[in-house]
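Some notes on the structure that comes next.
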Amino acid sequence: MKKIYISGPMSHLEREEYLARFAKAEILLSERGYRVVNPTKFLFCRWPWLYKLVGYNAALCYDLWRLSRCEYIYLLPDWKESRGATVESFFAWKIGVYRLTEKERKEIDLKLAKWIDKRESKRV
């Protein structure tokens with residue numbers, strides 16, 4: 001089974017929101033047969049006090065190590081707004097981790113965007 005890493009913004013979103021986005025992406029990728037590596041399930045993300053203790057750089061280094069163990073990366077639609085995701089994207093490219101095909105990425109992006117729109121419309 002192909003292993004895929006999810007990358008996207010966290011810092012500028014509320015915790016509940018980025019957890020939900022990553023979880024939905026994980027479901028969509030799992031349905032396509034990928035074994036998903038979701039960084040929101042790493043200890044640094046699950047325990048904010050640990051993140052505060054070790055800091056951003058150490059957490060990012062751990063993320064990159066986990067990414068290096070994957071064959072693919074999925075970049076959430078708004079990944080370019082994230083400093084960490086841009087580092088992960090560049091790192092993946094340099095070590096030969098593949099991005100999804102354009103067609104597959106667009107299909108997942110579209111499903112994710114529809115799901116996000118539904119969530120946001122319920123809040124208003």
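For the structure tokens, the naming scheme is as follows: chains receive sequential letters (A, B, ...) according to their order of presentation, residues are indexed from 1 within each chain, and ligands are indexed from 1 in presentation order.
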
Contact residues around A:Ser68 with only C-alpha atoms at 9 Å, ignoring same-chain residues under 5 positions, as a PyMOL selection string: chain A and resi 63+91-92+95+97

DSSP-assigned alpha helix (DSSP H) members of chain A, reported as a ChimeraX atom specification: /A:15-31,43-46,48-54,56-67,83-95,102-123

All residues 8 Å or closer to stretch 104-110 of chain A, only C-alpha atoms, same chain fewer than 6 positions away omitted, as a ChimeraX atom specification: /A:25,28-29,74,76-77

Given only C-alpha atoms as the counted atoms, nearest of A:Tyr72, A:Trp93, A:Tyr56, A:Trp79 to A:Lys3: A:Tyr72

Shortest interatomic distance to A:Leu19 - which of A:Glu31, A:Phe42, A:Lys52, A:Gly84, counting only C-alpha atoms: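 Among the listed residues, the smallest separation from A:Leu19 belongs to A:Phe42.
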
One-decimal distance in Å that lies between atom CA of A:Glu17 and atom CA of A:Asn57: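 Distance between the two atoms: 22.8 Å.
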
Interatomic distance (Å, one decimal) between atom CA of A:Arg15 and atom CA of A:Asp78: 15.8 Å

Point-to-point distance from atom CA of A:Arg119 to atom CA of A:Leu100, Å rounded to tenths: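 If I compute the distance from atom CA of A:Arg119 to atom CA of A:Leu100, I get 25.4 Å.
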
Picked from chain A by DSSP as strand (DSSP E), as a ChimeraX atom specification: /A:3-7,35-37,72-75,98-99

Exercise: A:Lys80 partners within 12 Å, only C-alpha atoms, chain neighbours under 2 positions left out, as a PyMOL selection string: chain A and resi 7-10+75-78+82-90

Selection export as a compact mmCIF listing (two decimals), in the first residue's frame, atoms kept: N, CA, C and O atoms:
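result_26.txt, freshly written:
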# COMPACT_ATOMS: atom_id res chain seq x y z
N SER A 7 -0.05 17.51 3.91
CA SER A 7 0.62 18.75 4.26
C SER A 7 -0.33 19.93 4.03
O SER A 7 -1.03 19.97 3.02
N GLY A 8 -0.34 20.85 4.97
CA GLY A 8 -1.20 22.03 4.83
C GLY A 8 -1.07 22.94 6.02
O GLY A 8 -0.36 22.65 6.98
N PRO A 9 -1.78 24.05 5.97
CA PRO A 9 -1.67 25.05 7.03
C PRO A 9 -2.34 24.62 8.33
O PRO A 9 -3.34 23.92 8.32
N MET A 10 -1.71 25.04 9.41
CA MET A 10 -2.29 24.84 10.74
C MET A 10 -2.28 26.15 11.53
O MET A 10 -3.26 26.49 12.17
N LEU A 75 -0.88 17.89 -0.84
CA LEU A 75 -0.87 19.27 -0.35
C LEU A 75 -2.31 19.78 -0.34
O LEU A 75 -2.96 19.83 -1.38
N LEU A 76 -2.79 20.13 0.85
CA LEU A 76 -4.13 20.70 0.97
C LEU A 76 -4.23 21.94 0.08
O LEU A 76 -3.22 22.61 -0.18
N PRO A 77 -5.44 22.26 -0.40
CA PRO A 77 -5.59 23.36 -1.37
C PRO A 77 -4.93 24.68 -0.97
O PRO A 77 -4.40 25.38 -1.82
N ASP A 78 -4.92 25.04 0.30
CA ASP A 78 -4.35 26.32 0.72
C ASP A 78 -2.93 26.17 1.30
O ASP A 78 -2.49 26.97 2.11
N SER A 82 1.08 28.34 4.12
CA SER A 82 1.73 27.78 5.29
C SER A 82 3.25 27.71 5.10
O SER A 82 3.72 27.11 4.13
N ARG A 83 3.96 28.28 6.03
CA ARG A 83 5.43 28.21 5.99
C ARG A 83 5.90 26.76 6.06
O ARG A 83 6.75 26.32 5.29
N GLY A 84 5.33 25.97 6.97
CA GLY A 84 5.72 24.58 7.12
C GLY A 84 5.40 23.74 5.89
O GLY A 84 6.20 22.91 5.46
N ALA A 85 4.22 23.94 5.31
CA ALA A 85 3.83 23.17 4.13
C ALA A 85 4.71 23.51 2.93
O ALA A 85 5.03 22.63 2.12
N THR A 86 5.14 24.76 2.81
CA THR A 86 6.04 25.10 1.69
C THR A 86 7.39 24.42 1.89
O THR A 86 7.99 23.95 0.91
N VAL A 87 7.86 24.33 3.11
CA VAL A 87 9.10 23.61 3.40
C VAL A 87 8.91 22.12 3.08
O VAL A 87 9.76 21.50 2.43
N GLU A 88 7.80 21.56 3.52
CA GLU A 88 7.53 20.14 3.26
C GLU A 88 7.43 19.85 1.77
O GLU A 88 7.94 18.84 1.28
N SER A 89 6.79 20.75 1.03
CA SER A 89 6.66 20.57 -0.42
C SER A 89 8.03 20.56 -1.09
O SER A 89 8.33 19.70 -1.93
N PHE A 90 8.87 21.52 -0.74
CA PHE A 90 10.21 21.60 -1.31
C PHE A 90 11.04 20.37 -0.94
O PHE A 90 11.69 19.76 -1.79

For A:Cys70, the nearest of the candidates A:Arg32, A:Lys111, A:Lys2, A:Lys24, counting only C-alpha atoms: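 Comparing A:Arg32, A:Lys111, A:Lys2, A:Lys24 against A:Cys70, the winner is A:Lys2.
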
Near-stretch 20-23 of chain A list (8 Å; only C-alpha atoms; drop same-chain fewer than 5 positions) as a count of residues only: 5
